[in-house]
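The structure file model-v3.txt is reproduced below (compact mmCIF, C-alpha atoms).
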# COMPACT_ATOMS: atom_id res chain seq x y z
CA MET A 288 -71.94 49.11 129.24
CA SER A 289 -71.55 46.04 131.39
CA VAL A 290 -72.97 44.15 134.38
CA LYS A 291 -71.00 43.36 137.54
CA THR A 292 -72.43 40.95 140.11
CA SER A 293 -71.19 40.95 143.67
CA TYR A 294 -72.46 39.94 147.10
CA ILE A 295 -72.34 41.41 150.60
CA ASN A 296 -72.56 38.94 153.50
CA ILE A 297 -73.86 40.24 156.82
CA SER A 298 -74.65 38.64 160.16
CA THR A 299 -77.63 40.24 161.90
CA LYS A 300 -79.29 40.02 165.28
CA GLY A 301 -82.75 39.83 163.70
CA HIS A 302 -85.69 41.36 165.64
CA GLY A 303 -85.68 44.50 163.50
CA ASP A 304 -81.90 44.88 163.46
CA ILE A 305 -81.02 47.83 161.21
CA ILE A 306 -77.59 47.81 159.57
CA ASP A 307 -76.01 50.61 157.52
CA ILE A 308 -74.61 49.03 154.34
CA SER A 309 -73.84 52.27 152.47
CA LYS A 310 -70.07 51.91 152.74
CA SER A 311 -70.12 48.28 151.56
CA VAL A 312 -72.29 49.15 148.55
CA GLY A 313 -70.07 52.13 147.70
CA ILE A 314 -66.98 49.90 147.75
CA GLU A 315 -68.61 47.49 145.29
CA VAL A 316 -69.40 50.40 142.96
CA GLN A 317 -65.77 51.53 143.05
CA LYS A 318 -64.48 47.97 142.54
CA SER A 319 -66.68 47.65 139.44
CA ASN A 320 -64.62 50.31 137.60
CA LEU A 321 -67.88 51.67 136.19
CA THR A 322 -68.37 55.43 136.44
CA SER A 323 -72.08 55.97 135.72
CA GLY A 324 -75.10 53.71 136.09
CA ILE A 325 -77.36 52.08 138.65
CA VAL A 326 -76.85 49.60 141.44
CA CYS A 327 -79.70 47.19 142.13
CA ILE A 328 -79.44 45.94 145.72
CA PHE A 329 -81.54 42.91 146.58
CA VAL A 330 -81.86 40.85 149.73
CA SER A 331 -82.53 37.19 148.99
CA GLY A 332 -85.00 36.10 151.66
CA SER A 333 -88.53 36.86 152.78
CA THR A 334 -88.01 38.32 156.27
CA ALA A 335 -85.61 41.20 155.53
CA ALA A 336 -85.89 44.38 153.48
CA LEU A 337 -83.93 47.36 152.14
CA THR A 338 -84.54 51.11 152.26
CA THR A 339 -82.76 54.35 153.19
CA VAL A 340 -82.78 56.38 156.40
CA GLU A 341 -80.79 59.04 158.19
CA TYR A 342 -78.82 56.50 160.19
CA GLU A 343 -78.70 57.81 163.75
CA PRO A 344 -79.62 56.01 167.01
CA GLY A 345 -82.92 57.84 167.51
CA LEU A 346 -84.33 56.94 164.10
CA VAL A 347 -83.09 53.36 164.41
CA LYS A 348 -85.44 53.07 167.42
CA ASP A 349 -88.23 54.99 165.66
CA ILE A 350 -88.20 52.70 162.61
CA LYS A 351 -88.48 49.67 164.88
CA SER A 352 -91.44 51.31 166.65
CA LEU A 353 -93.07 52.12 163.31
CA PHE A 354 -93.14 48.45 162.34
CA ASP A 355 -94.23 47.38 165.84
CA ARG A 356 -97.31 49.55 165.29
CA ILE A 357 -98.00 48.53 161.67
CA ALA A 358 -97.52 44.78 162.06
CA PRO A 359 -97.39 43.89 165.78
CA GLU A 360 -95.63 40.71 166.84
CA ASN A 361 -98.30 39.64 169.33
CA ILE A 362 -101.37 39.41 167.10
CA PRO A 363 -102.44 36.15 165.43
CA TYR A 364 -100.84 35.30 162.07
CA HIS A 365 -102.08 32.51 159.82
CA HIS A 366 -98.45 31.90 158.90
CA GLU A 367 -98.16 30.31 162.34
CA GLU A 368 -100.53 27.52 161.26
CA THR A 369 -98.16 26.67 158.39
CA TRP A 370 -94.76 26.77 160.10
CA HIS A 371 -95.12 27.38 163.87
CA ASP A 372 -91.97 29.49 163.85
CA GLY A 373 -93.42 32.67 165.37
CA ASN A 374 -92.31 35.04 162.62
CA GLY A 375 -95.54 35.96 160.85
CA HIS A 376 -94.91 39.61 161.72
CA SER A 377 -91.40 39.36 160.21
CA HIS A 378 -92.81 38.29 156.85
CA ALA A 379 -95.58 40.91 156.87
CA ARG A 380 -93.09 43.70 157.58
CA ALA A 381 -90.58 42.55 154.97
CA THR A 382 -93.26 42.22 152.29
CA LEU A 383 -94.48 45.75 153.01
CA LEU A 384 -91.03 47.38 152.94
CA GLY A 385 -89.70 45.34 150.02
CA PRO A 386 -86.49 43.45 149.18
CA SER A 387 -85.16 45.69 146.40
CA LEU A 388 -83.59 49.14 146.14
CA THR A 389 -82.13 50.75 143.01
CA ILE A 390 -79.74 53.67 143.40
CA PRO A 391 -78.04 55.72 140.67
CA PHE A 392 -74.32 56.49 140.70
CA ASP A 393 -72.20 58.95 138.75
CA LYS A 394 -68.45 59.64 138.87
CA ALA A 395 -68.25 56.25 140.63
CA THR A 396 -70.20 57.70 143.60
CA LEU A 397 -73.66 56.74 144.86
CA LEU A 398 -76.00 59.74 144.51
CA LEU A 399 -77.27 59.55 148.10
CA GLY A 400 -78.16 62.61 150.14
CA THR A 401 -75.72 63.78 152.81
CA TRP A 402 -77.88 62.35 155.60
CA GLN A 403 -79.16 59.34 153.70
CA GLN A 404 -77.81 55.85 154.31
CA ILE A 405 -78.75 52.49 152.79
CA ILE A 406 -80.04 50.04 155.39
CA LEU A 407 -80.81 46.37 155.67
CA VAL A 408 -83.66 45.75 158.11
CA ASP A 409 -83.74 42.19 159.39
CA PHE A 410 -87.24 41.49 160.69
CA ASP A 411 -86.74 37.81 161.47
CA ASN A 412 -87.13 36.62 165.06
CA ARG A 413 -83.61 35.15 165.31
CA THR A 414 -80.04 35.88 164.27
CA ARG A 415 -79.45 35.45 160.55
CA ASP A 416 -76.61 35.36 158.02
CA ARG A 417 -77.81 37.43 155.09
CA THR A 418 -76.65 37.63 151.50
CA ILE A 419 -77.30 40.89 149.65
CA VAL A 420 -76.92 40.87 145.89
CA VAL A 421 -75.27 43.99 144.45
CA GLN A 422 -75.95 44.10 140.71
CA ILE A 423 -74.21 47.03 139.05
CA ILE A 424 -75.11 48.13 135.52
CA GLY A 425 -73.29 51.01 133.86
CA GLU A 426 -70.47 52.25 131.72
CA MET B 262 -76.81 50.81 125.29
CA SER B 263 -75.90 53.90 127.26
CA VAL B 264 -76.53 55.80 130.50
CA LYS B 265 -77.91 59.35 130.66
CA THR B 266 -77.87 61.22 133.96
CA SER B 267 -80.14 64.20 134.52
CA TYR B 268 -81.72 66.03 137.44
CA ILE B 269 -85.12 67.54 138.20
CA ASN B 270 -85.18 70.41 140.70
CA ILE B 271 -88.42 71.04 142.58
CA SER B 272 -89.48 73.40 145.34
CA THR B 273 -92.02 71.86 147.71
CA LYS B 274 -94.19 73.04 150.59
CA GLY B 275 -93.19 70.05 152.73
CA HIS B 276 -95.82 68.68 155.19
CA GLY B 277 -96.75 65.81 152.87
CA ASP B 278 -96.79 67.92 149.72
CA ILE B 279 -97.47 65.62 146.74
CA ILE B 280 -96.16 66.72 143.35
CA ASP B 281 -96.81 65.06 139.98
CA ILE B 282 -93.43 64.73 138.22
CA SER B 283 -94.59 62.46 135.36
CA LYS B 284 -94.26 65.11 132.68
CA SER B 285 -90.77 66.13 133.82
CA VAL B 286 -89.57 62.52 133.84
CA GLY B 287 -91.11 61.89 130.41
CA ILE B 288 -89.29 64.91 129.00
CA GLU B 289 -85.96 63.57 130.30
CA VAL B 290 -86.66 60.22 128.62
CA GLN B 291 -87.34 61.97 125.30
CA LYS B 292 -84.25 64.19 125.63
CA SER B 293 -82.11 61.08 126.19
CA ASN B 294 -82.76 59.90 122.61
CA LEU B 295 -83.06 56.35 123.95
CA THR B 296 -86.08 54.36 122.78
CA SER B 297 -86.22 51.37 125.15
CA GLY B 298 -84.96 50.84 128.70
CA ILE B 299 -85.57 51.85 132.28
CA VAL B 300 -85.51 55.10 134.17
CA CYS B 301 -84.34 54.96 137.78
CA ILE B 302 -85.76 57.96 139.68
CA PHE B 303 -84.18 58.68 143.03
CA VAL B 304 -84.73 61.45 145.56
CA SER B 305 -81.54 62.37 147.39
CA GLY B 306 -82.62 63.05 150.97
CA SER B 307 -84.14 61.18 153.90
CA THR B 308 -87.51 62.95 154.33
CA ALA B 309 -89.03 62.54 150.86
CA ALA B 310 -90.10 59.55 148.78
CA LEU B 311 -91.33 58.47 145.34
CA THR B 312 -94.27 56.32 144.22
CA THR B 313 -97.19 56.39 141.78
CA VAL B 314 -100.82 57.37 142.27
CA GLU B 315 -103.87 58.39 140.30
CA TYR B 316 -103.16 62.08 140.73
CA GLU B 317 -106.48 63.71 141.59
CA PRO B 318 -107.33 66.04 144.51
CA GLY B 319 -109.23 63.42 146.52
CA LEU B 320 -106.40 60.89 146.57
CA VAL B 321 -103.85 63.61 147.30
CA LYS B 322 -105.75 64.16 150.57
CA ASP B 323 -106.21 60.42 151.17
CA ILE B 324 -102.48 59.68 150.85
CA LYS B 325 -101.72 62.41 153.39
CA SER B 326 -104.30 60.88 155.75
CA LEU B 327 -102.81 57.42 155.23
CA PHE B 328 -99.43 58.58 156.50
CA ASP B 329 -100.99 60.61 159.33
CA ARG B 330 -102.44 57.31 160.56
CA ILE B 331 -99.35 55.14 159.99
CA ALA B 332 -96.76 57.54 161.46
CA PRO B 333 -98.54 60.34 163.35
CA GLU B 334 -96.73 63.63 163.82
CA ASN B 335 -97.73 64.07 167.46
CA ILE B 336 -96.29 60.92 169.03
CA PRO B 337 -92.81 60.82 170.60
CA TYR B 338 -89.87 60.14 168.26
CA HIS B 339 -86.37 59.36 169.51
CA HIS B 340 -85.09 61.33 166.52
CA GLU B 341 -86.14 64.41 168.48
CA GLU B 342 -83.49 63.65 171.11
CA THR B 343 -80.81 63.77 168.41
CA TRP B 344 -81.79 66.86 166.41
CA HIS B 345 -84.74 68.66 168.05
CA ASP B 346 -86.13 69.54 164.61
CA GLY B 347 -89.59 68.04 165.01
CA ASN B 348 -89.50 65.85 161.90
CA GLY B 349 -89.22 62.32 163.27
CA HIS B 350 -92.49 61.44 161.54
CA SER B 351 -91.09 62.80 158.24
CA HIS B 352 -88.17 60.36 158.37
CA ALA B 353 -90.33 57.40 159.41
CA ARG B 354 -92.74 58.00 156.52
CA ALA B 355 -90.00 58.49 153.91
CA THR B 356 -88.15 55.35 155.03
CA LEU B 357 -91.36 53.32 154.74
CA LEU B 358 -92.33 54.59 151.28
CA GLY B 359 -88.79 54.60 149.87
CA PRO B 360 -86.60 56.97 147.80
CA SER B 361 -86.38 54.99 144.59
CA LEU B 362 -88.69 54.09 141.71
CA THR B 363 -87.75 52.26 138.50
CA ILE B 364 -90.05 52.54 135.50
CA PRO B 365 -89.67 50.89 132.07
CA PHE B 366 -90.03 52.82 128.82
CA ASP B 367 -90.46 51.70 125.23
CA LYS B 368 -90.83 53.75 122.02
CA ALA B 369 -89.43 56.62 124.14
CA THR B 370 -92.60 56.55 126.30
CA LEU B 371 -92.93 55.66 129.98
CA LEU B 372 -95.09 52.54 130.35
CA LEU B 373 -97.39 54.07 132.97
CA GLY B 374 -101.09 53.27 133.19
CA THR B 375 -103.57 55.85 131.91
CA TRP B 376 -104.46 56.96 135.44
CA GLN B 377 -101.03 56.46 136.97
CA GLN B 378 -98.75 59.40 137.72
CA ILE B 379 -95.27 59.52 139.27
CA ILE B 380 -95.24 61.53 142.48
CA LEU B 381 -92.71 63.04 144.84
CA VAL B 382 -94.04 63.11 148.41
CA ASP B 383 -92.20 65.59 150.60
CA PHE B 384 -92.75 64.59 154.22
CA ASP B 385 -90.46 67.20 155.79
CA ASN B 386 -91.97 69.77 158.17
CA ARG B 387 -90.82 72.80 156.16
CA THR B 388 -90.45 73.99 152.57
CA ARG B 389 -87.65 72.27 150.69
CA ASP B 390 -85.74 72.50 147.43
CA ARG B 391 -85.44 68.91 146.18
CA THR B 392 -83.15 67.32 143.64
CA ILE B 393 -84.42 64.19 141.92
CA VAL B 394 -81.91 62.09 140.01
CA VAL B 395 -83.21 60.68 136.72
CA GLN B 396 -80.85 57.90 135.60
CA ILE B 397 -81.85 56.51 132.22
CA ILE B 398 -80.41 53.24 130.91
CA GLY B 399 -81.35 51.92 127.52
CA GLU B 400 -80.70 51.72 123.81
CA MET C 79 -75.80 44.56 126.68
CA SER C 80 -79.36 44.81 125.44
CA VAL C 81 -82.95 45.49 126.49
CA LYS C 82 -85.80 43.02 126.08
CA THR C 83 -89.38 44.15 126.64
CA SER C 84 -92.11 41.63 127.35
CA TYR C 85 -95.50 41.56 129.03
CA ILE C 86 -97.35 39.21 131.36
CA ASN C 87 -101.15 39.30 131.23
CA ILE C 88 -103.06 38.16 134.30
CA SER C 89 -106.72 38.06 135.27
CA THR C 90 -107.28 38.73 138.97
CA LYS C 91 -110.19 38.59 141.39
CA GLY C 92 -109.29 41.98 142.86
CA HIS C 93 -110.06 42.57 146.59
CA GLY C 94 -106.43 41.97 147.59
CA ASP C 95 -105.94 38.96 145.32
CA ILE C 96 -102.30 37.84 145.61
CA ILE C 97 -100.80 36.01 142.63
CA ASP C 98 -97.39 34.35 142.44
CA ILE C 99 -95.77 35.49 139.17
CA SER C 100 -92.26 34.13 139.87
CA LYS C 101 -92.45 31.38 137.27
CA SER C 102 -93.76 33.72 134.55
CA VAL C 103 -90.99 36.25 135.23
CA GLY C 104 -88.35 33.49 135.24
CA ILE C 105 -89.58 32.25 131.85
CA GLU C 106 -89.22 35.76 130.39
CA VAL C 107 -85.64 35.94 131.70
CA GLN C 108 -84.81 32.62 130.04
CA LYS C 109 -86.50 33.63 126.77
CA SER C 110 -84.39 36.82 126.70
CA ASN C 111 -81.19 34.77 126.20
CA LEU C 112 -79.43 37.17 128.57
CA THR C 113 -77.36 35.58 131.34
CA SER C 114 -76.70 38.42 133.78
CA GLY C 115 -78.56 41.65 134.56
CA ILE C 116 -81.72 42.99 136.13
CA VAL C 117 -85.40 42.59 135.46
CA CYS C 118 -87.60 45.60 136.14
CA ILE C 119 -91.18 44.43 136.74
CA PHE C 120 -93.83 47.12 136.62
CA VAL C 121 -97.62 46.98 136.91
CA SER C 122 -99.31 49.62 134.77
CA GLY C 123 -102.23 50.83 136.87
CA SER C 124 -102.87 52.62 140.15
CA THR C 125 -104.68 49.95 142.21
CA ALA C 126 -102.17 47.08 142.09
CA ALA C 127 -98.63 46.61 143.37
CA LEU C 128 -95.64 44.26 143.34
CA THR C 129 -93.46 42.83 146.12
CA THR C 130 -92.09 39.48 147.34
CA VAL C 131 -93.38 37.08 149.99
CA GLU C 132 -93.02 33.49 151.09
CA TYR C 133 -96.03 32.38 149.08
CA GLU C 134 -98.03 30.06 151.34
CA PRO C 135 -101.75 30.21 152.23
CA GLY C 136 -101.22 31.57 155.75
CA LEU C 137 -99.18 34.58 154.66
CA VAL C 138 -101.54 35.26 151.77
CA LYS C 139 -104.24 35.83 154.43
CA ASP C 140 -101.85 37.76 156.70
CA ILE C 141 -100.86 40.22 153.95
CA LYS C 142 -104.52 40.91 153.24
CA SER C 143 -105.10 41.54 156.96
CA LEU C 144 -102.07 43.85 157.10
CA PHE C 145 -103.56 46.13 154.45
CA ASP C 146 -107.04 45.92 156.01
CA ARG C 147 -105.46 47.41 159.15
CA ILE C 148 -103.28 50.02 157.41
CA ALA C 149 -105.88 51.34 154.95
CA PRO C 150 -109.34 50.04 155.91
CA GLU C 151 -112.01 49.81 153.24
CA ASN C 152 -114.80 51.23 155.41
CA ILE C 153 -113.37 54.64 156.33
CA PRO C 154 -114.12 57.80 154.31
CA TYR C 155 -111.89 58.50 151.29
CA HIS C 156 -111.91 61.80 149.42
CA HIS C 157 -111.33 59.78 146.25
CA GLU C 158 -115.01 58.82 146.56
CA GLU C 159 -116.01 62.46 145.93
CA THR C 160 -114.13 62.36 142.62
CA TRP C 161 -115.21 59.02 141.16
CA HIS C 162 -117.83 57.33 143.39
CA ASP C 163 -116.32 53.93 142.63
CA GLY C 164 -115.65 52.78 146.19
CA ASN C 165 -111.97 52.00 145.74
CA GLY C 166 -110.20 54.75 147.68
CA HIS C 167 -108.61 52.09 149.89
CA SER C 168 -107.37 50.25 146.77
CA HIS C 169 -105.45 53.31 145.60
CA ALA C 170 -104.04 54.09 149.05
CA ARG C 171 -102.74 50.52 149.46
CA ALA C 172 -101.22 50.36 145.96
CA THR C 173 -99.49 53.72 146.37
CA LEU C 174 -97.97 52.58 149.66
CA LEU C 175 -96.70 49.23 148.38
CA GLY C 176 -95.57 50.53 144.98
CA PRO C 177 -95.85 49.42 141.33
CA SER C 178 -92.22 48.54 140.65
CA LEU C 179 -89.80 45.79 141.63
CA THR C 180 -86.26 45.29 140.32
CA ILE C 181 -84.63 41.89 140.72
CA PRO C 182 -81.12 40.81 139.69
CA PHE C 183 -80.43 37.64 137.73
CA ASP C 184 -77.26 35.70 137.00
CA LYS C 185 -76.69 32.50 135.01
CA ALA C 186 -80.15 33.24 133.56
CA THR C 187 -81.71 32.67 137.00
CA LEU C 188 -83.51 35.18 139.25
CA LEU C 189 -81.54 35.61 142.49
CA LEU C 190 -84.56 35.07 144.74
CA GLY C 191 -84.34 33.33 148.10
CA THR C 192 -85.56 29.76 148.37
CA TRP C 193 -88.78 30.82 150.10
CA GLN C 194 -89.22 34.12 148.27
CA GLN C 195 -91.76 34.54 145.49
CA ILE C 196 -92.66 37.57 143.37
CA ILE C 197 -96.30 38.59 143.83
CA LEU C 198 -98.82 40.85 142.19
CA VAL C 199 -101.30 42.21 144.74
CA ASP C 200 -104.49 43.47 143.13
CA PHE C 201 -106.17 45.86 145.57
CA ASP C 202 -109.01 46.96 143.28
CA ASN C 203 -112.59 46.25 144.34
CA ARG C 204 -113.47 44.22 141.23
CA THR C 205 -111.99 41.64 138.88
CA ARG C 206 -109.28 43.07 136.62
CA ASP C 207 -107.19 42.09 133.62
CA ARG C 208 -103.67 43.26 134.44
CA THR C 209 -100.63 43.89 132.25
CA ILE C 210 -97.24 43.57 133.90
CA VAL C 211 -94.26 44.98 132.03
CA VAL C 212 -91.11 42.84 132.25
CA GLN C 213 -88.15 44.96 131.15
CA ILE C 214 -84.94 42.94 131.11
CA ILE C 215 -81.54 44.63 130.85
CA GLY C 216 -78.36 42.60 130.72
CA GLU C 217 -75.73 40.80 128.73
Show the structure stored in the file as structure tokens.
Amino acid sequence: MSVKTSYINISTKGHGDIIDISKSVGIEVQKSNLTSGIVCIFVSGSTAALTTVEYEPGLVKDIKSLFDRIAPENIPYHHEETWHDGNGHSHARATLLGPSLTIPFDKATLLLGTWQQIILVDFDNRTRDRTIVVQIIGE
Amino acid sequence: MSVKTSYINISTKGHGDIIDISKSVGIEVQKSNLTSGIVCIFVSGSTAALTTVEYEPGLVKDIKSLFDRIAPENIPYHHEETWHDGNGHSHARATLLGPSLTIPFDKATLLLGTWQQIILVDFDNRTRDRTIVVQIIGE
Amino acid sequence: MSVKTSYINISTKGHGDIIDISKSVGIEVQKSNLTSGIVCIFVSGSTAALTTVEYEPGLVKDIKSLFDRIAPENIPYHHEETWHDGNGHSHARATLLGPSLTIPFDKATLLLGTWQQIILVDFDNRTRDRTIVVQIIGE
């Protein structure tokens, strides 16, 4: 059993940008030389989040619409009184979806479904350079 | 320290079917012969999700209603343009709730609350046979 | 590699009380004498949840408002027919946000963003004494 720490760096467009990171995470698992275990993926930051989706252009739009309904951009946020940076909705969405995702792997392969991809959703209201921690624990 | 991989197979009715898998997960923990660690539960697929709830008939209905409000079935989804399978809402709901749940155990027992059960929620719009990965890491 | 189990006890005001537990979790990581791994934080109970946020007074209000919109207190819940304790909304919110959060650490430090704090959100409709499990796995 051992722990392998690595990082994925991604530039995003913000504004709900949804990026498929499945291949990058899979490469880190293979580089770890571990065959069975879990990978804990974590986005450091409070305006982005991680989950899975069937990554196809229709759902990419639908997920954006989902969050537009749940936490609209154009309603008042108290966060605005603190920072005046117009991204109260970005924080609310990221807090709801969550920064962490843990996925099992076996035979050095992530146990995702055929139509299931790992995504970073960047809710911030500007372009961002993101660091995703990939912490792999296994044997 | 070691890793034990097992699988739980479940047939669901889809349409927001909520199934208590606590007992099945607890049995896998006991079969692992590990006494302390974490169990990473993961549903392979993009229209189902995992969380916890007080599993009683009232809340089972309330959780379905919650998702009917958040991501209604009868609004337009762009996913429909890709696949024409009528389950855009299923994907949106599963992506929001998430496919992964990590629960600690000690003395070979899951550290759940008394009124807290682990549930699979199948949001797809048809019956499904689901595979849930149970990855146990501990000593 | 080893596992260290510890607990954080917190008294909350309920009603969406949001408490920053980052420092407490960080102390447990340092006490574990492990340098690299993951910490699985889990709230035992079905009316509270864990996530991260930029912990500042504006967002604390905004997160409460978010859940007031998603799962209002004053709509009918079937849970009420079972228990008559008026906290159907508390369960719905906790189930949506989730009881579990897994965070990587390295050099004995949680890999959180600068403006990212770990929070317990207590959705129950009364004061509560909460136990949070902190399961640390690493080397």
Please produce chain B as a CSV table (one decimal) with C-alpha atoms, keeping the file's coordinate frame once it has been superposed on chain C, the fit using all Cα atoms paired in sequence order.
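File produced: superposed.csv:
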chain,number,residue,atom,x,y,z
B,262,MET,CA,-75.8,44.6,126.7
B,263,SER,CA,-79.3,44.8,125.4
B,264,VAL,CA,-82.9,45.5,126.5
B,265,LYS,CA,-85.8,43.0,126.1
B,266,THR,CA,-89.4,44.1,126.6
B,267,SER,CA,-92.1,41.6,127.3
B,268,TYR,CA,-95.5,41.6,129.0
B,269,ILE,CA,-97.3,39.2,131.4
B,270,ASN,CA,-101.1,39.3,131.2
B,271,ILE,CA,-103.1,38.2,134.3
B,272,SER,CA,-106.7,38.1,135.3
B,273,THR,CA,-107.3,38.7,139.0
B,274,LYS,CA,-110.2,38.6,141.4
B,275,GLY,CA,-109.3,42.0,142.9
B,276,HIS,CA,-110.1,42.6,146.6
B,277,GLY,CA,-106.4,42.0,147.6
B,278,ASP,CA,-105.9,39.0,145.3
B,279,ILE,CA,-102.3,37.8,145.6
B,280,ILE,CA,-100.8,36.0,142.6
B,281,ASP,CA,-97.4,34.3,142.4
B,282,ILE,CA,-95.8,35.5,139.2
B,283,SER,CA,-92.3,34.1,139.9
B,284,LYS,CA,-92.5,31.4,137.3
B,285,SER,CA,-93.8,33.7,134.6
B,286,VAL,CA,-91.0,36.2,135.2
B,287,GLY,CA,-88.3,33.5,135.2
B,288,ILE,CA,-89.6,32.3,131.9
B,289,GLU,CA,-89.2,35.8,130.4
B,290,VAL,CA,-85.6,35.9,131.7
B,291,GLN,CA,-84.8,32.6,130.0
B,292,LYS,CA,-86.5,33.6,126.8
B,293,SER,CA,-84.4,36.8,126.7
B,294,ASN,CA,-81.2,34.8,126.2
B,295,LEU,CA,-79.4,37.2,128.6
B,296,THR,CA,-77.4,35.6,131.3
B,297,SER,CA,-76.7,38.4,133.8
B,298,GLY,CA,-78.6,41.6,134.5
B,299,ILE,CA,-81.7,43.0,136.1
B,300,VAL,CA,-85.4,42.6,135.4
B,301,CYS,CA,-87.6,45.6,136.1
B,302,ILE,CA,-91.2,44.4,136.7
B,303,PHE,CA,-93.8,47.1,136.6
B,304,VAL,CA,-97.6,47.0,136.9
B,305,SER,CA,-99.3,49.6,134.8
B,306,GLY,CA,-102.2,50.8,136.9
B,307,SER,CA,-102.9,52.6,140.2
B,308,THR,CA,-104.7,50.0,142.2
B,309,ALA,CA,-102.2,47.1,142.1
B,310,ALA,CA,-98.6,46.6,143.4
B,311,LEU,CA,-95.6,44.3,143.3
B,312,THR,CA,-93.5,42.8,146.1
B,313,THR,CA,-92.1,39.5,147.3
B,314,VAL,CA,-93.4,37.1,150.0
B,315,GLU,CA,-93.0,33.5,151.1
B,316,TYR,CA,-96.0,32.4,149.1
B,317,GLU,CA,-98.0,30.1,151.3
B,318,PRO,CA,-101.8,30.2,152.2
B,319,GLY,CA,-101.2,31.6,155.7
B,320,LEU,CA,-99.2,34.6,154.7
B,321,VAL,CA,-101.6,35.3,151.8
B,322,LYS,CA,-104.2,35.8,154.4
B,323,ASP,CA,-101.9,37.8,156.7
B,324,ILE,CA,-100.9,40.2,153.9
B,325,LYS,CA,-104.5,40.9,153.2
B,326,SER,CA,-105.1,41.5,157.0
B,327,LEU,CA,-102.1,43.8,157.1
B,328,PHE,CA,-103.6,46.1,154.5
B,329,ASP,CA,-107.1,45.9,156.0
B,330,ARG,CA,-105.5,47.4,159.1
B,331,ILE,CA,-103.3,50.0,157.4
B,332,ALA,CA,-105.9,51.3,154.9
B,333,PRO,CA,-109.3,50.0,155.9
B,334,GLU,CA,-112.0,49.8,153.2
B,335,ASN,CA,-114.8,51.2,155.4
B,336,ILE,CA,-113.4,54.6,156.3
B,337,PRO,CA,-114.1,57.8,154.3
B,338,TYR,CA,-111.9,58.5,151.3
B,339,HIS,CA,-111.9,61.8,149.4
B,340,HIS,CA,-111.3,59.8,146.3
B,341,GLU,CA,-115.0,58.8,146.6
B,342,GLU,CA,-116.0,62.4,145.9
B,343,THR,CA,-114.2,62.4,142.6
B,344,TRP,CA,-115.2,59.0,141.2
B,345,HIS,CA,-117.8,57.3,143.4
B,346,ASP,CA,-116.3,53.9,142.6
B,347,GLY,CA,-115.7,52.8,146.2
B,348,ASN,CA,-112.0,52.0,145.7
B,349,GLY,CA,-110.2,54.7,147.7
B,350,HIS,CA,-108.6,52.1,149.9
B,351,SER,CA,-107.4,50.2,146.8
B,352,HIS,CA,-105.4,53.3,145.6
B,353,ALA,CA,-104.0,54.1,149.1
B,354,ARG,CA,-102.7,50.5,149.5
B,355,ALA,CA,-101.2,50.4,146.0
B,356,THR,CA,-99.5,53.7,146.4
B,357,LEU,CA,-98.0,52.6,149.7
B,358,LEU,CA,-96.7,49.2,148.4
B,359,GLY,CA,-95.6,50.5,145.0
B,360,PRO,CA,-95.8,49.4,141.3
B,361,SER,CA,-92.2,48.5,140.7
B,362,LEU,CA,-89.8,45.8,141.6
B,363,THR,CA,-86.2,45.3,140.3
B,364,ILE,CA,-84.6,41.9,140.7
B,365,PRO,CA,-81.1,40.8,139.7
B,366,PHE,CA,-80.4,37.6,137.7
B,367,ASP,CA,-77.3,35.7,137.0
B,368,LYS,CA,-76.7,32.5,135.0
B,369,ALA,CA,-80.2,33.2,133.6
B,370,THR,CA,-81.7,32.7,137.0
B,371,LEU,CA,-83.5,35.2,139.2
B,372,LEU,CA,-81.5,35.6,142.5
B,373,LEU,CA,-84.6,35.1,144.7
B,374,GLY,CA,-84.3,33.3,148.1
B,375,THR,CA,-85.6,29.7,148.4
B,376,TRP,CA,-88.8,30.8,150.1
B,377,GLN,CA,-89.2,34.1,148.3
B,378,GLN,CA,-91.8,34.5,145.5
B,379,ILE,CA,-92.7,37.6,143.4
B,380,ILE,CA,-96.3,38.6,143.8
B,381,LEU,CA,-98.8,40.9,142.2
B,382,VAL,CA,-101.3,42.2,144.7
B,383,ASP,CA,-104.5,43.5,143.1
B,384,PHE,CA,-106.2,45.9,145.6
B,385,ASP,CA,-109.0,47.0,143.3
B,386,ASN,CA,-112.6,46.2,144.4
B,387,ARG,CA,-113.5,44.2,141.2
B,388,THR,CA,-112.0,41.6,138.9
B,389,ARG,CA,-109.3,43.0,136.6
B,390,ASP,CA,-107.2,42.1,133.6
B,391,ARG,CA,-103.7,43.3,134.4
B,392,THR,CA,-100.6,43.9,132.3
B,393,ILE,CA,-97.2,43.6,133.9
B,394,VAL,CA,-94.3,45.0,132.0
B,395,VAL,CA,-91.1,42.8,132.3
B,396,GLN,CA,-88.1,45.0,131.2
B,397,ILE,CA,-84.9,42.9,131.1
B,398,ILE,CA,-81.5,44.6,130.9
B,399,GLY,CA,-78.4,42.6,130.7
B,400,GLU,CA,-75.7,40.8,128.7
Which residue, B:Leu295, B:Leu357, B:Ile280, B:Leu327, has the smallest gap to chain A when you use only C-alpha atoms?
B:Leu357
What does the distance from atom CA of B:Gly359 to atom CA of C:Asn165 come to in Å, to one decimal?
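Distance between the two atoms: 23.7 Å.
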For chain A, list the residues within 7 Å of chain B, counting all atoms listed in the file, and write the list as a PyMOL selection string.
chain A and resi 288+323-324+338-341+345-346+348-350+353+357+384+388-391+398-400+402-403+425
Which distance in Å separates atom CA of B:Arg387 and atom CA of A:Gln404, to one decimal?
21.4 Å
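For the atom pair formed by atom CA of A:Ile295 and atom CA of C:Lys109, the distance is 28.8 Å, given to one decimal.
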Please determine the residues with any atom at most 6 Å from (-107.0, 42.8, 151.1) (coordinates as given in the file, with all atoms listed in the file counting) and report them as a count of residues only.
5
